[in-house]
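Undergrad: Input query-v6.txt, format and content: compact mmCIF, C-alpha atoms.
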```txt
# COMPACT_ATOMS: atom_id res chain seq x y z
CA MET H 29 0.27 -19.76 -30.76
CA LEU H 30 -3.40 -20.60 -31.10
CA HIS H 31 -4.20 -17.94 -28.55
CA ALA H 32 -2.09 -15.38 -30.41
CA ILE H 33 -4.10 -16.11 -33.57
CA SER H 34 -7.45 -15.84 -31.83
CA LEU H 35 -6.33 -12.64 -30.09
CA SER H 36 -5.29 -11.18 -33.47
CA ALA H 37 -8.64 -12.16 -34.97
CA ALA H 38 -10.55 -10.60 -32.07
CA LEU H 39 -8.52 -7.39 -32.31
CA ALA H 40 -8.96 -7.22 -36.08
CA VAL H 41 -12.73 -7.59 -35.72
CA LEU H 42 -12.73 -4.91 -33.02
CA TRP H 43 -10.77 -2.56 -35.28
CA ALA H 44 -13.14 -3.15 -38.19
CA LEU H 45 -16.19 -2.59 -35.99
CA LEU H 46 -14.84 0.60 -34.48
CA SER H 47 -13.54 2.16 -37.67
CA GLY H 48 -16.12 0.93 -40.18
CA MET H 49 -13.96 2.28 -43.01
CA PHE H 50 -12.13 -0.07 -45.32
CA ASP H 51 -9.71 2.03 -47.37
CA PRO H 52 -6.13 0.71 -47.62
CA LEU H 53 -4.56 3.30 -45.30
CA LEU H 54 -6.90 2.61 -42.38
CA MET H 55 -6.77 -1.15 -42.88
CA GLY H 56 -2.97 -0.95 -42.94
CA LEU H 57 -2.95 1.03 -39.71
CA GLY H 58 -5.29 -1.58 -38.24
CA VAL H 59 -3.00 -4.44 -39.20
CA ALA H 60 -0.02 -2.59 -37.72
CA SER H 61 -1.93 -1.92 -34.47
CA VAL H 62 -2.95 -5.56 -34.17
CA ILE H 63 0.60 -6.77 -34.72
CA ILE H 64 2.05 -4.34 -32.17
CA THR H 65 -0.64 -5.19 -29.60
CA VAL H 66 -0.16 -8.93 -29.94
CA TRP H 67 3.62 -8.49 -29.78
CA ILE H 68 3.36 -6.47 -26.55
CA ALA H 69 0.85 -8.94 -25.10
CA HIS H 70 3.22 -11.78 -25.97
CA HIS H 71 6.07 -10.02 -24.19
CA MET H 72 3.85 -9.51 -21.14
CA ASP H 73 3.03 -13.23 -21.14
CA VAL H 74 -0.69 -12.49 -21.14
CA VAL H 75 -1.52 -14.32 -24.38
CA ASP H 76 -3.21 -17.26 -22.71
CA HIS H 77 -6.74 -18.40 -22.00
CA GLU H 78 -6.91 -16.16 -18.91
CA GLY H 79 -6.05 -12.93 -20.68
CA HIS H 80 -8.29 -13.83 -23.56
CA PRO H 81 -11.02 -16.23 -22.45
CA VAL H 82 -12.54 -17.26 -25.78
CA HIS H 83 -13.35 -20.70 -24.43
CA MET H 84 -15.96 -19.18 -22.11
CA GLY H 85 -17.86 -17.49 -24.94
CA PRO H 86 -20.80 -19.88 -25.43
CA ARG H 87 -21.34 -20.39 -21.72
CA ALA H 88 -21.13 -16.64 -21.10
CA ILE H 89 -24.11 -16.24 -23.43
CA ILE H 90 -26.12 -18.35 -20.98
CA TYR H 91 -24.76 -16.55 -17.94
CA PHE H 92 -25.16 -12.92 -18.99
CA PRO H 93 -28.95 -12.83 -19.46
CA TRP H 94 -29.32 -14.34 -16.01
CA LEU H 95 -26.92 -11.75 -14.60
CA MET H 96 -28.93 -8.97 -16.29
CA LYS H 97 -32.09 -10.28 -14.65
CA GLU H 98 -30.37 -10.28 -11.25
CA ILE H 99 -29.01 -6.75 -11.83
CA ILE H 100 -32.49 -5.45 -12.65
CA LYS H 101 -34.07 -7.18 -9.64
CA SER H 102 -31.48 -5.94 -7.16
CA ASN H 103 -31.49 -2.44 -8.66
CA TRP H 104 -35.20 -2.29 -8.06
CA ASP H 105 -34.79 -3.50 -4.46
CA VAL H 106 -32.09 -0.93 -3.68
CA ALA H 107 -34.07 1.85 -5.40
CA LYS H 108 -37.08 1.03 -3.19
CA ILE H 109 -34.90 1.17 -0.07
CA ILE H 110 -33.34 4.50 -1.05
CA LEU H 111 -36.71 6.08 -1.82
CA SER H 112 -38.51 4.78 1.27
CA PRO H 113 -38.80 7.56 3.87
CA LYS H 114 -37.50 5.47 6.77
CA MET H 115 -34.72 3.80 4.75
CA THR H 116 -34.38 0.65 6.85
CA ILE H 117 -30.89 -0.62 6.11
CA GLN H 118 -28.61 -2.98 8.00
CA PRO H 119 -25.14 -2.39 6.53
CA HIS H 120 -22.89 -5.26 7.51
CA ILE H 121 -20.17 -7.48 6.16
CA PHE H 122 -20.12 -11.24 5.82
CA LYS H 123 -17.91 -13.92 4.34
CA THR H 124 -18.67 -16.43 1.66
CA GLN H 125 -16.68 -19.20 0.04
CA ALA H 126 -16.43 -19.09 -3.74
CA SER H 127 -16.13 -22.38 -5.57
CA GLN H 128 -14.44 -21.25 -8.80
CA LEU H 129 -11.05 -22.73 -9.57
CA SER H 130 -9.44 -20.17 -11.86
CA ASP H 131 -8.57 -16.53 -11.28
CA ILE H 132 -10.86 -15.46 -14.07
CA GLY H 133 -13.75 -17.42 -12.56
CA LEU H 134 -13.20 -15.84 -9.16
CA THR H 135 -12.97 -12.40 -10.76
CA THR H 136 -16.20 -12.98 -12.65
CA TYR H 137 -17.98 -14.02 -9.47
CA ALA H 138 -16.58 -11.10 -7.43
CA ASN H 139 -17.52 -8.66 -10.18
CA SER H 140 -21.00 -10.15 -10.50
CA ILE H 141 -21.55 -9.67 -6.77
CA THR H 142 -20.46 -6.05 -7.07
CA LEU H 143 -22.60 -5.50 -10.17
CA THR H 144 -25.75 -6.44 -8.28
CA PRO H 145 -26.42 -3.41 -6.08
CA GLY H 146 -26.89 -4.24 -2.44
CA THR H 147 -23.74 -6.35 -2.25
CA VAL H 148 -20.14 -5.28 -2.86
CA THR H 149 -17.10 -7.55 -2.71
CA ILE H 150 -14.52 -5.74 -0.63
CA THR H 151 -11.77 -8.29 -0.13
CA MET H 152 -10.88 -11.73 -1.41
CA ASP H 153 -8.05 -14.13 -0.65
CA VAL H 154 -6.32 -16.84 -2.65
CA ASP H 155 -8.62 -19.59 -1.38
CA GLY H 156 -11.67 -17.81 -2.76
CA MET H 157 -12.96 -16.53 0.56
CA PHE H 158 -14.81 -13.30 -0.18
CA GLU H 159 -15.64 -10.59 2.28
CA ILE H 160 -18.81 -8.87 1.12
CA HIS H 161 -20.51 -5.70 2.26
CA ALA H 162 -24.29 -6.04 2.19
CA LEU H 163 -26.78 -3.22 2.51
CA THR H 164 -29.62 -5.34 3.88
CA HIS H 165 -30.26 -8.83 5.21
CA ALA H 166 -32.19 -9.64 2.04
CA ALA H 167 -29.15 -8.76 -0.07
CA ARG H 168 -26.95 -11.03 2.05
CA GLU H 169 -29.40 -13.89 1.82
CA GLY H 170 -29.40 -13.53 -1.95
CA VAL H 171 -25.68 -14.29 -2.03
CA GLU H 172 -25.98 -17.01 0.58
CA THR H 173 -28.26 -19.04 -1.65
CA GLN H 174 -25.06 -19.64 -3.71
CA GLU H 175 -26.99 -19.57 -6.95
CA MET H 176 -24.67 -17.01 -8.50
CA ASP H 177 -21.68 -19.01 -7.31
CA ARG H 178 -23.04 -22.15 -8.97
CA ARG H 179 -23.76 -20.37 -12.23
CA CYS H 180 -20.33 -18.72 -12.30
CA THR H 181 -18.66 -22.06 -11.75
CA ALA H 182 -20.76 -23.59 -14.52
CA MET H 183 -19.74 -20.80 -16.89
CA GLU H 184 -16.10 -21.17 -15.91
CA GLY H 185 -16.30 -24.84 -16.95
CA MET H 186 -13.01 -25.77 -15.32
CA THR H 187 -12.12 -29.19 -14.02
CA LYS H 188 -9.68 -29.81 -11.22
CA ALA H 189 -7.18 -31.08 -13.82
CA ASP H 190 -7.36 -27.79 -15.79
CA ALA H 191 -6.81 -25.84 -12.60
CA ASP H 192 -3.77 -27.95 -11.74
CA THR H 193 -2.33 -27.40 -15.22
CA ASP H 194 -2.84 -23.67 -14.76
CA ALA H 195 -1.10 -23.71 -11.41
CA ARG H 196 1.83 -25.61 -12.91
CA ASN H 197 2.08 -23.17 -15.84
CA LEU H 198 2.01 -20.24 -13.46
CA ALA H 199 4.73 -21.76 -11.31
CA ALA H 200 6.82 -22.40 -14.42
CA GLN H 201 6.34 -18.81 -15.53
CA ILE H 202 7.39 -17.47 -12.15
CA GLU H 203 10.47 -19.67 -12.27
CA LYS H 204 11.26 -18.38 -15.75
CA HIS H 205 10.95 -14.75 -14.63
CA LYS H 206 13.19 -15.42 -11.66
CA GLY H 207 15.73 -16.88 -14.09
CA ASP H 208 15.45 -13.79 -16.31
CA GLU H 209 16.04 -11.42 -13.45
CA SER H 210 19.07 -13.10 -11.95
CA MET V 27 -34.66 -5.68 -41.37
CA LEU V 28 -35.84 -3.52 -38.53
CA ASP V 29 -38.55 -1.72 -40.44
CA PHE V 30 -41.05 -2.24 -37.67
CA LEU V 31 -39.14 0.37 -35.66
CA ASP V 32 -40.38 3.01 -38.10
CA ILE V 33 -44.05 2.26 -37.50
CA MET V 34 -45.74 5.43 -36.32
CA ILE V 35 -47.65 5.14 -33.07
CA GLY V 36 -49.36 8.45 -32.43
CA PRO V 37 -46.89 11.30 -32.82
CA LEU V 38 -43.70 9.23 -32.64
CA ALA V 39 -42.14 6.23 -34.35
CA LEU V 40 -41.82 3.02 -32.36
CA ALA V 41 -38.05 3.53 -32.07
CA ASP V 42 -38.63 6.92 -30.47
CA TRP V 43 -41.12 5.50 -28.00
CA LEU V 44 -38.62 2.82 -27.01
CA SER V 45 -35.90 5.47 -26.73
CA TRP V 46 -38.06 7.55 -24.44
CA PHE V 47 -38.94 4.55 -22.32
CA PHE V 48 -35.35 3.40 -21.83
CA ILE V 49 -33.84 6.87 -21.37
CA ILE V 50 -36.47 7.96 -18.85
CA SER V 51 -36.22 4.76 -16.82
CA GLY V 52 -32.41 4.95 -16.98
CA SER V 53 -32.56 8.54 -15.78
CA PHE V 54 -34.85 7.45 -12.98
CA PHE V 55 -32.32 4.91 -11.69
CA THR V 56 -29.48 7.42 -12.10
CA VAL V 57 -31.34 10.04 -10.05
CA VAL V 58 -32.29 7.45 -7.41
CA GLY V 59 -28.64 6.37 -7.26
CA VAL V 60 -27.54 9.94 -6.66
CA ILE V 61 -30.20 10.38 -3.97
CA GLY V 62 -28.84 7.19 -2.46
CA ILE V 63 -25.29 8.57 -2.44
CA ILE V 64 -26.61 11.57 -0.50
CA ARG V 65 -28.96 9.74 1.88
CA LEU V 66 -27.02 6.62 2.77
CA PRO V 67 -24.94 6.97 5.92
CA ASP V 68 -21.36 5.84 5.22
CA VAL V 69 -18.79 5.17 2.48
CA PHE V 70 -19.58 1.51 2.02
CA SER V 71 -23.35 1.98 1.96
CA ARG V 72 -22.96 4.83 -0.50
CA MET V 73 -21.17 2.51 -2.90
CA HIS V 74 -24.48 0.66 -3.30
CA GLY V 75 -26.11 3.91 -4.37
CA ALA V 76 -23.34 4.47 -6.89
CA GLY V 77 -23.93 0.91 -8.06
CA LEU V 78 -27.38 1.89 -9.31
CA VAL V 79 -25.89 4.53 -11.59
CA ASP V 80 -23.12 2.18 -12.72
CA THR V 81 -25.36 -0.68 -13.68
CA LEU V 82 -29.00 -0.21 -14.59
CA GLY V 83 -28.81 3.58 -15.01
CA ILE V 84 -26.11 3.48 -17.66
CA MET V 85 -27.44 0.28 -19.25
CA LEU V 86 -30.91 1.69 -19.83
CA ILE V 87 -29.68 5.05 -21.11
CA LEU V 88 -27.28 3.43 -23.58
CA THR V 89 -30.02 1.04 -24.74
CA GLY V 90 -32.28 4.03 -25.30
CA LEU V 91 -29.57 5.74 -27.34
CA MET V 92 -29.17 2.64 -29.52
CA PHE V 93 -32.69 3.15 -30.86
CA GLN V 94 -31.69 6.62 -32.06
CA ALA V 95 -28.71 5.36 -34.07
CA ASP V 96 -28.91 5.57 -37.85
CA GLU V 97 -26.18 3.04 -38.53
CA TRP V 98 -25.35 -0.37 -37.16
CA ILE V 99 -21.82 0.73 -36.36
CA VAL V 100 -23.16 3.23 -33.82
CA VAL V 101 -25.21 0.49 -32.13
CA ILE V 102 -22.12 -1.70 -31.95
CA LYS V 103 -20.06 1.11 -30.45
CA LEU V 104 -22.71 1.83 -27.83
CA PHE V 105 -22.84 -1.88 -27.04
CA LEU V 106 -19.06 -2.00 -26.62
CA ILE V 107 -19.21 1.00 -24.27
CA LEU V 108 -21.82 -0.89 -22.27
CA LEU V 109 -19.68 -4.01 -22.16
CA PHE V 110 -16.55 -2.13 -21.05
CA ILE V 111 -18.49 -0.30 -18.34
CA LEU V 112 -19.82 -3.62 -17.05
CA PHE V 113 -16.25 -4.90 -16.78
CA THR V 114 -14.62 -1.78 -15.35
CA SER V 115 -17.17 -0.44 -12.88
CA PRO V 116 -16.84 -3.37 -10.41
CA SER V 117 -13.08 -2.88 -10.54
CA THR V 118 -13.39 0.79 -9.62
CA THR V 119 -15.82 -0.08 -6.83
CA PHE V 120 -13.35 -2.66 -5.57
CA ALA V 121 -10.50 -0.11 -5.72
CA LEU V 122 -12.66 2.38 -3.85
CA ALA V 123 -13.44 -0.19 -1.15
CA ARG V 124 -9.75 -1.05 -0.81
CA ALA V 125 -8.84 2.62 -0.57
CA ALA V 126 -11.48 3.17 2.13
CA ILE V 127 -10.25 0.19 4.16
CA HIS V 128 -6.68 1.33 3.67
CA GLY V 129 -7.67 4.77 4.90
CA GLY V 130 -9.02 3.28 8.12
CA VAL V 131 -12.76 3.22 7.44
CA THR V 132 -14.44 0.29 9.17
CA PRO V 133 -16.76 -1.46 6.69
CA GLY V 134 -19.55 -1.97 9.23
CA PRO V 135 -20.35 -4.69 11.72
CA ALA V 136 -19.85 -8.35 10.92
CA VAL V 137 -23.03 -10.29 10.33
CA ASP V 138 -22.81 -12.25 13.61
CA GLU V 139 -22.78 -9.01 15.58
CA ILE V 140 -26.05 -7.69 14.26
CA LEU V 141 -28.05 -10.94 14.12
CA ASP V 142 -29.79 -12.01 17.31
CA THR V 143 -30.26 -15.57 16.13
CA PRO V 144 -27.22 -16.60 14.13
CA ASN V 145 -28.63 -19.52 12.21
CA ASN V 146 -26.94 -19.61 8.85
CA THR V 147 -24.20 -17.13 9.61
CA PRO V 148 -20.56 -17.98 8.99
CA LYS V 149 -18.93 -19.43 12.07
CA LYS V 150 -15.57 -17.90 11.32
CA GLU V 151 -14.48 -14.82 13.16
CA THR V 152 -14.99 -11.68 11.10
CA ASP V 153 -13.25 -8.65 12.45
CA PRO V 154 -13.30 -5.77 9.96
CA SER V 155 -10.86 -3.69 12.00
CA LYS V 156 -8.10 -6.20 11.33
CA THR V 157 -8.32 -6.14 7.54
```
Let me see the structure of the file written as structure tokens.
TA:
Amino acid sequence: MLHAISLSAALAVLWALLSGMFDPLLMGLGVASVIITVWIAHHMDVVDHEGHPVHMGPRAIIYFPWLMKEIIKSNWDVAKIILSPKMTIQPHIFKTQASQLSDIGLTTYANSITLTPGTVTITMDVDGMFEIHALTHAAREGVETQEMDRRCTAMEGMTKADADTDARNLAAQIEKHKGDES
Amino acid sequence: MLDFLDIMIGPLALADWLSWFFIISGSFFTVVGVIGIIRLPDVFSRMHGAGLVDTLGIMLILTGLMFQADEWIVVIKLFLILLFILFTSPSTTFALARAAIHGGVTPGPAVDEILDTPNNTPKKETDPSKT
């Protein structure tokens, strides 16, 4: 319920920011849109802290500037490689173990790796083992320092207990859906 | 609040100078990214070139455009576009990689195969052809 309220609030703010007009007709349409969206989201069972990670907000503010810095650095490195006449690249793949506990943490880490040019996450499995394509050895070594992994885990802010609760909820949901189908 | 952006420096206001700076540097990274897509040898390497356009290219150009906005609402919209691109572009890259693997493209040698002295390389077997 709390998540439904915060989702409604977020959607209402988004509507206000995108429309910028406050006459009754448009506000009414906005309210209707928010209600329909939250209702659909509720039916899809995505109104939870994974579909709508408000709890990560403050920590994300610490993480994103650092990510921006990394994006700029790696962009510059890749741009130098592309523009150099000889273009010395060593395309290869390697594996790395991610330490995040939740799906959203793993997704953030995988996306952050892809967002820094020079490394692209190509596969991942349930245990958080990523397969990454790197353009150069330097790009691979950047990931192997695990700094991004550490920072992603810090932003995720999950404890083992939270992760277990999540797993139990997920299992319960799957059970429920099985019940619905049969 | 942001009156200092209207200060004239030479022929242009400060906001215009900042616009020029961000748009030109964003264009630079976009062009370099496209050159990368042409020059790099295979699908997976080319994704790194596309990554330049996706990330810094678009970020700098949108930041430059923000300085040209007359209203706050335009800045907010540009910022939201930026945010959504940052969330969606890795997903498209991931989908592209999956499609390439699915189509039988080998993503390149594993790290142990190209290193002569495997010091800090993963010990596990990595065989791209099996994925």
Undergrad: Up to 8 Å from (-30.5, 2.0, 3.8) in the file's coordinates: name the residues, counting all atoms listed in the file, as a count of residues only.
TA: 12
Undergrad: Counting only C-alpha atoms, what are the residues of chain H within 10 Å of chain V, and for each of them which pair of atoms is the nearest and at what distance in Å, to one decimal? Sort the table by chain and rising number, as a Markdown table.
TA:
```
| residue | atom | partner | partner_atom | distance |
| --- | --- | --- | --- | --- |
| H:Leu42 | CA | V:Leu106 | CA | 9.5 |
| H:Ala44 | CA | V:Ile99 | CA | 9.7 |
| H:Leu45 | CA | V:Ile99 | CA | 6.5 |
| H:Leu46 | CA | V:Lys103 | CA | 6.6 |
| H:Ser47 | CA | V:Ile99 | CA | 8.5 |
| H:Gly48 | CA | V:Ile99 | CA | 6.9 |
| H:Met96 | CA | V:Leu82 | CA | 8.9 |
| H:Ile99 | CA | V:Leu82 | CA | 7.1 |
| H:Ile100 | CA | V:Leu82 | CA | 6.6 |
| H:Lys101 | CA | V:Leu82 | CA | 9.9 |
| H:Ser102 | CA | V:Leu78 | CA | 9.1 |
| H:Asn103 | CA | V:Leu78 | CA | 6.0 |
| H:Trp104 | CA | V:Phe55 | CA | 8.6 |
| H:Val106 | CA | V:Gly75 | CA | 7.7 |
| H:Ala107 | CA | V:Val58 | CA | 6.2 |
| H:Lys108 | CA | V:Val58 | CA | 9.1 |
| H:Ile109 | CA | V:Gly62 | CA | 8.9 |
| H:Ile110 | CA | V:Gly62 | CA | 5.4 |
| H:Leu111 | CA | V:Val58 | CA | 7.3 |
| H:Met115 | CA | V:Leu66 | CA | 8.4 |
| H:Ile117 | CA | V:Leu66 | CA | 8.9 |
| H:Gln118 | CA | V:Ile140 | CA | 8.2 |
| H:Pro119 | CA | V:Gly134 | CA | 6.2 |
| H:His120 | CA | V:Pro135 | CA | 4.9 |
| H:Ile121 | CA | V:Ala136 | CA | 4.8 |
| H:Phe122 | CA | V:Val137 | CA | 5.5 |
| H:Lys123 | CA | V:Pro148 | CA | 6.7 |
| H:Thr124 | CA | V:Pro148 | CA | 7.7 |
| H:Gln125 | CA | V:Pro148 | CA | 9.8 |
| H:Thr135 | CA | V:Ser117 | CA | 9.5 |
| H:Thr136 | CA | V:Phe113 | CA | 9.1 |
| H:Ala138 | CA | V:Pro116 | CA | 8.3 |
| H:Asn139 | CA | V:Pro116 | CA | 5.3 |
| H:Ser140 | CA | V:Pro116 | CA | 8.0 |
| H:Ile141 | CA | V:Pro116 | CA | 8.7 |
| H:Thr142 | CA | V:Pro116 | CA | 5.6 |
| H:Leu143 | CA | V:Pro116 | CA | 6.1 |
| H:Thr144 | CA | V:Gly77 | CA | 7.6 |
| H:Pro145 | CA | V:His74 | CA | 5.3 |
| H:Gly146 | CA | V:His74 | CA | 5.5 |
| H:Thr147 | CA | V:His74 | CA | 7.1 |
| H:Val148 | CA | V:His74 | CA | 7.4 |
| H:Thr149 | CA | V:Phe120 | CA | 6.8 |
| H:Ile150 | CA | V:Ala123 | CA | 5.7 |
| H:Thr151 | CA | V:Arg124 | CA | 7.5 |
| H:Glu159 | CA | V:Thr152 | CA | 8.9 |
| H:Ile160 | CA | V:Pro133 | CA | 9.5 |
| H:His161 | CA | V:Pro133 | CA | 7.2 |
| H:Ala162 | CA | V:Ser71 | CA | 8.1 |
| H:Leu163 | CA | V:Ser71 | CA | 6.3 |
| H:Thr164 | CA | V:Ser71 | CA | 9.8 |
| H:His165 | CA | V:Val137 | CA | 9.0 |
| H:Arg168 | CA | V:Val137 | CA | 9.2 |
| H:Glu169 | CA | V:Asn146 | CA | 9.4 |
| H:Glu172 | CA | V:Asn146 | CA | 8.7 |
```
Undergrad: Which of these residues is nearest to Trp46 (chain V), using only C-alpha atoms: V:Leu109, V:Ala95, V:Leu31, V:Leu86?
TA: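 Among V:Leu109, V:Ala95, V:Leu31, V:Leu86, it is V:Leu86 that comes nearest to Trp46 (chain V).
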Undergrad: To one decimal place, how far is CA of Gln128 (chain H) from CA of Asp192 (chain H) in Å?
TA: 12.9 Å
Undergrad: Take CA of Met49 (chain H) and CA of Met92 (chain V) and report the distance between them in Å, one decimal.
TA: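 CA of Met92 (chain V) lies 20.3 Å from CA of Met49 (chain H).
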